[in-house]
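This report refers to the structure that appears directly beneath it.
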Amino acid sequence: MAASSGRASDTAFGGHENKLRQTVMAFRAGTQLSEHVNPAEATVYVIRGPVWLKSGGEAWQGKAGGLLIVPSSRTGCTALKLRRILRCCSRWSSWTGSRA
């Protein structure tokens with residue numbers, strides 16, 4: 001992984017023109033994805049774990065082969081070792097303000 005942030009990602013499916021987006025993400029040990037707003041439905045499939053998904057004062061551990069449902073609030077992710085995840089999310093409809 002060459003990124004100085006300790007993270008790398010690549011879109012496996014989707015993009016700005018699609019409602020569903022699947023992104024493979026890799027994290028170096030100790031790397032965090034800082035808390036951010038998650039306005040749509042999303043899941044994280046842990047390819048190689050463990051990873052911690054955090055939201056507010058709660059945290060959930062995802063192990064290899066596990067599926068985490070991402071809360072629709074501010075969430076972040078922390079890798080304890082070199083880890084890989086597949087994040088799947090849908091987009092809100094930009095013209096209705098509701099989930100598409």
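All residue names refer to the structure tokens as shown: chains lettered A, B, ... in order, residues numbered from 1 in each chain, ligands numbered from 1 in order.
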
Next on the checklist: Need the shell around A:Trp52: protein/DNA/RNA residues with any atom at most 9 Å away, counting only C-alpha atoms. Skip same-chain ones fewer than 4 positions apart. Format as a PyMOL selection string?
Outcome noted: chain A and resi 59-63+76-80

Next on the checklist: I need the strand (DSSP E or B) residues of chain A per DSSP on the backbone, written as a ChimeraX atom specification.
Outcome noted: /A:7-13,20-27,32-36,42-48,51-55,58-62,67-70,75-79,83-90,92,99

Checklist entry - Contacts of A:Leu20 at 6 Å or less, counting only C-alpha atoms, minus same-chain residues fewer than 6 places along, as number ranges by chain? => result A: 14, 89-90

Only C-alpha atoms, please: the residues just picked out, written as a PDB file, in the first residue's frame.
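Final output, saved to out-v2.pdb:
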ATOM      1  CA  GLY A  14     -20.844   1.550  -9.230  1.00  0.00           C
ATOM      2  CA  CYS A  89     -23.680   1.605   0.098  1.00  0.00           C
ATOM      3  CA  SER A  90     -26.654   3.080  -1.678  1.00  0.00           C
TER       4      SER A  90
END

Checklist entry - Can you list, as number ranges by chain, every protein, DNA or RNA residue that comes within 8 Å of A:Ala42 when you count only C-alpha atoms, leaving out same-chain residues fewer than 6 positions away? => result A: 69-71, 87-90

Restricting the output to C-alpha atoms, write the selected residues as a CSV table (one decimal), in the first residue's frame.
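That gives us again_27.csv:
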chain,number,residue,atom,x,y,z
A,69,ILE,CA,-24.5,-3.0,9.2
A,70,VAL,CA,-23.4,0.6,9.2
A,71,PRO,CA,-25.6,2.9,11.3
A,87,ARG,CA,-18.0,-1.4,1.7
A,88,CYS,CA,-21.4,-1.4,0.0
A,89,CYS,CA,-23.7,1.6,0.1
A,90,SER,CA,-26.7,3.1,-1.7

Item to check | A:Arg28, A:Arg83, A:Arg7, A:Arg21 ranked by distance to A:Arg48, top pick (using only C-alpha atoms) | outcome: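 The answer is A:Arg83, which sits nearest to A:Arg48.
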
Next on the checklist: As an exercise, work out the distance from atom CA of A:Leu82 to atom CA of A:Glu58 in Å and give it to one decimal place.
Outcome noted: 22.6 Å

Next on the checklist: Between atom CA of A:Gly56 and atom CA of A:Lys19, what distance in Å does the model show, to one decimal?
Outcome noted: 26.7 Å

Next on the checklist: List the spatial neighbours of A:Thr23 as a list in words - criterion: any atom at most 7 Å away, only C-alpha atoms, same-chain residues fewer than 6 positions off excluded.
Outcome noted: Ser9, Asp10, Thr11, Ala12, Leu86, Arg87 and Cys88 of chain A

Within 8 Å of A:Ile85 using only C-alpha atoms, minus same-chain residues under 6 positions, as a PDB file with C-alpha atoms, in the first residue's frame:
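After the write, out09.pdb holds the following:
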ATOM      1  CA  VAL A  24     -12.730  -2.380  -1.626  1.00  0.00           C
ATOM      2  CA  MET A  25     -10.693  -0.643   1.081  1.00  0.00           C
ATOM      3  CA  ALA A  26      -7.366  -1.594   2.669  1.00  0.00           C
ATOM      4  CA  VAL A  44     -19.157  -3.510   5.535  1.00  0.00           C
ATOM      5  CA  TYR A  45     -18.066  -7.047   4.633  1.00  0.00           C
ATOM      6  CA  VAL A  46     -14.767  -7.860   6.357  1.00  0.00           C
ATOM      7  CA  ILE A  47     -12.465  -9.631   3.913  1.00  0.00           C
ATOM      8  CA  ARG A  48      -9.552  -9.757   6.323  1.00  0.00           C
ATOM      9  CA  GLY A  49     -10.149  -8.659   9.903  1.00  0.00           C
TER      10      GLY A  49
END

Checklist entry - Do you know which residues are at most 9 Å from A:Lys81 counting only C-alpha atoms, after dropping those on the same chain fewer than 4 positions away, and could you put them as a PyMOL selection string? => result chain A and resi 27-31+49-51

Checklist entry - What does the distance between atom CA of A:Gln22 and atom CA of A:Leu53 come to in Å, to one decimal place? => result 17.3 Å
